[in-house]
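Asker: Got a structure for you, questions after.
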Amino acid sequence: MAKQQSFSSRYGPWALVTGAARGLGAEFSRQIAAKGINVVMVDLLADELARTAEDIRKASGREIVTLTVDLSQPDFIEKIKQRTDGLEIGLLVSNAVYGPVGKFLERGLDEKLRSIAVNVRAPLVLVHEFAIRMAARGRGGIIMVSSASAMQGTPYVANYAATKAYNLILAESLWVELREKGVDVLGFMPGTTRTPGYMESKPQMERAKIVKVMEPAPTVAEALNALGRRPSHIAGRGNRLTFFISGKIMPRRAAIGLAARMLDKMYGNK
Ligand SMILES: NC(=O)c1ccc[n+]([C@@H]2O[C@H](COP(=O)([O-])OP(=O)(O)OC[C@H]3O[C@@H](n4cnc5c(N)ncnc54)[C@H](OP(=O)(O)O)[C@@H]3O)[C@@H](O)[C@H]2O)c1
């Protein structure tokens, strides 16, 4: 991002955030609006979306549009295109997720395919749609929310981790391709973060004391700060150190073993 340009002139006047009703998506919407950008908030949960949107509207004074859409549906983009017609979306945050926890053999194929629809197909379609428009205008930003589980095999969330690897690699690749068109792309890897989705997965935190849980606000602030500066970013200094060691120093087998031990402590009873 050119230093002299403000965040809102670089990535405004509108942002679109998926999975915006709660968790990191709500926090992305809040912080983006606080930076002077209007937000289209997309989620499945109509009531929670309306409540979060009203809070953000009051706090920021920005225009906030809500859109209840199921991203797993093949035609979801038509609803988004209809509602955003005439709005200049300068920032896309692809954040929504469907990622149940459990042993691969014990989970159904339907839910695995739903994860592919929400975590892979929907981000691809959204990026395809909005990157074309941003490139034509010569400016914009895209944040693809991945996960630290994208960096090595991660038992108990095997399919989820694989979908997150797709997002990371797509974002890093597009970081190069779209940069020359004036569009910044970031693959963002939160560490473990206290969100409703994470808490509902019922991690056994007392057994997994080595896991440092971050709060949504500093996590999102890191993502917005990293956009335009680098191709990907891991939130939290401790997480960056852990993944430097497991990604660059440890043999692959040992890194997968470390992830397996952490996940086993958190979810080993599932
Ligand atoms: N929290 C963590 O520890 C953590 C760690 C690493 C990466 N991440 C990543 O951070 C992102 C946000 O995670 P989070 O913890 O904030 O999740 P969250 O609390 O579960 O919130 C995700 C939101 O996405 C919505 N969503 C799910 N399926 C959808 C669909 N088909 N259509 C529209 N909206 C849908 C959810 O609605 P429902 O509640 O109805 O499903 C929910 O409001 C995800 O990409 C996740 O992979 C999180």
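Letters A, B, ... mark the chains of the structure tokens in the order given; residue numbers begin at 1 per chain; ligand numbers begin at 1, in order shown.
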Which residues are near ligand 1 in this structure, taking near to mean any atom at most 8 Å from a ligand atom and counting only C-alpha atoms and all ligand atoms? Format them as number ranges by chain.
Answerer: A: 18-26, 42-45, 49, 68-73, 94-99, 114, 117-119, 144-149, 160, 164, 189-198, 213-214, 216
Asker: Taking the backbone alone, and naming residues the way the document does, which bits of region 73-154 of chain A are alpha helix (DSSP H) by DSSP, as a PyMOL selection string?
Answerer: chain A and resi 76-84+109-116+122-137
Asker: Report as a list of chain:residue names all protein, DNA and RNA residues lying within 8 Å of His233 (chain A), evaluated on only C-alpha atoms, omitting residues in the same chain fewer than 4 positions from it.
Answerer: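 Surrounding residues, per the criterion: A:Leu186, A:Gly187, A:Phe188, A:Met189, A:Ala223, A:Ala226.
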Asker: Return the single residue from A:Val93, A:Ile234, A:Val185, A:Met199 that is closest to Met266 (chain A), with distances computed using only C-alpha atoms.
Answerer: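 Between A:Val93, A:Ile234, A:Val185, A:Met199, the residue approaching Met266 (chain A) most closely is A:Met199.
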Asker: Write out as number ranges by chain each polymer residue whose atoms come within 9 Å of Ala217 (chain A), counting only C-alpha atoms; drop sequence neighbours fewer than 6 positions from it.
Answerer: A: 24, 27-28, 31
Asker: Could you give me, as a PyMOL selection string, each residue of region 50-158 of chain A that DSSP assigns to strand (DSSP E) when run on this structure's backbone?
Answerer: chain A and resi 64-68+89-94+140-145
Asker: When you draw a straight line from CA of Val39 (chain A) to CA of Ser201 (chain A), how long is it in Å?
Answerer: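 If I compute the distance from CA of Val39 (chain A) to CA of Ser201 (chain A), I get 28.3 Å.
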Asker: Can you pull out the residues contacting Gly138 (chain A)? Cut-off 10 Å, using only C-alpha atoms, and skip same-chain residues under 4 positions away; I want them as a list in words.
Answerer: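 Surrounding residues, per the criterion: Ile132, Arg133, Met134, Leu178, Arg179, Glu180, Lys181, Gly182 and Val183 of chain A.
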Asker: In Å, rounded to a single decimal, give me how far CA of Gly140 (chain A) is from CA of Asp184 (chain A).
Answerer: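 Between these atoms lies a distance of 6.3 Å.
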Asker: Of the residues A:Val101, A:Gln204, A:Pro155, A:Leu91, which is the one nearest to Leu258 (chain A), using only C-alpha atoms?
Answerer: A:Pro155
Asker: Using only C-alpha atoms, which of the listed residues (A:Val157, A:Val120, A:Ala135, A:Val40) sits closest to Ile169 (chain A)?
Answerer: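 Smallest separation from Ile169 (chain A) among the options: A:Val120.
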Asker: Mind checking which residues fall within 9 Å of Gly36 (chain A), counting only C-alpha atoms, ignoring those fewer than 4 positions away in the same chain, and posting them as a list in words?
Answerer: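 The contact residues come out as Phe7, Ser8, Gly12, Pro13, Ile32, Ser60, Gly61 and Arg62 of chain A.
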Asker: Taking into account only C-alpha atoms, which residue in the set A:Gln5, A:Ser232, A:Ser115, A:Gln152 is nearest to Leu170 (chain A)?
Answerer: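 Among the listed residues, the smallest separation from Leu170 (chain A) belongs to A:Ser232.
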Asker: Given only C-alpha atoms as the basis, pick out the residue of A:Lys103, A:Glu177, A:Ala165, A:Tyr156 nearest to Leu263 (chain A).
Answerer: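 Answer, going by the shortest atom-to-atom distance: A:Tyr156.
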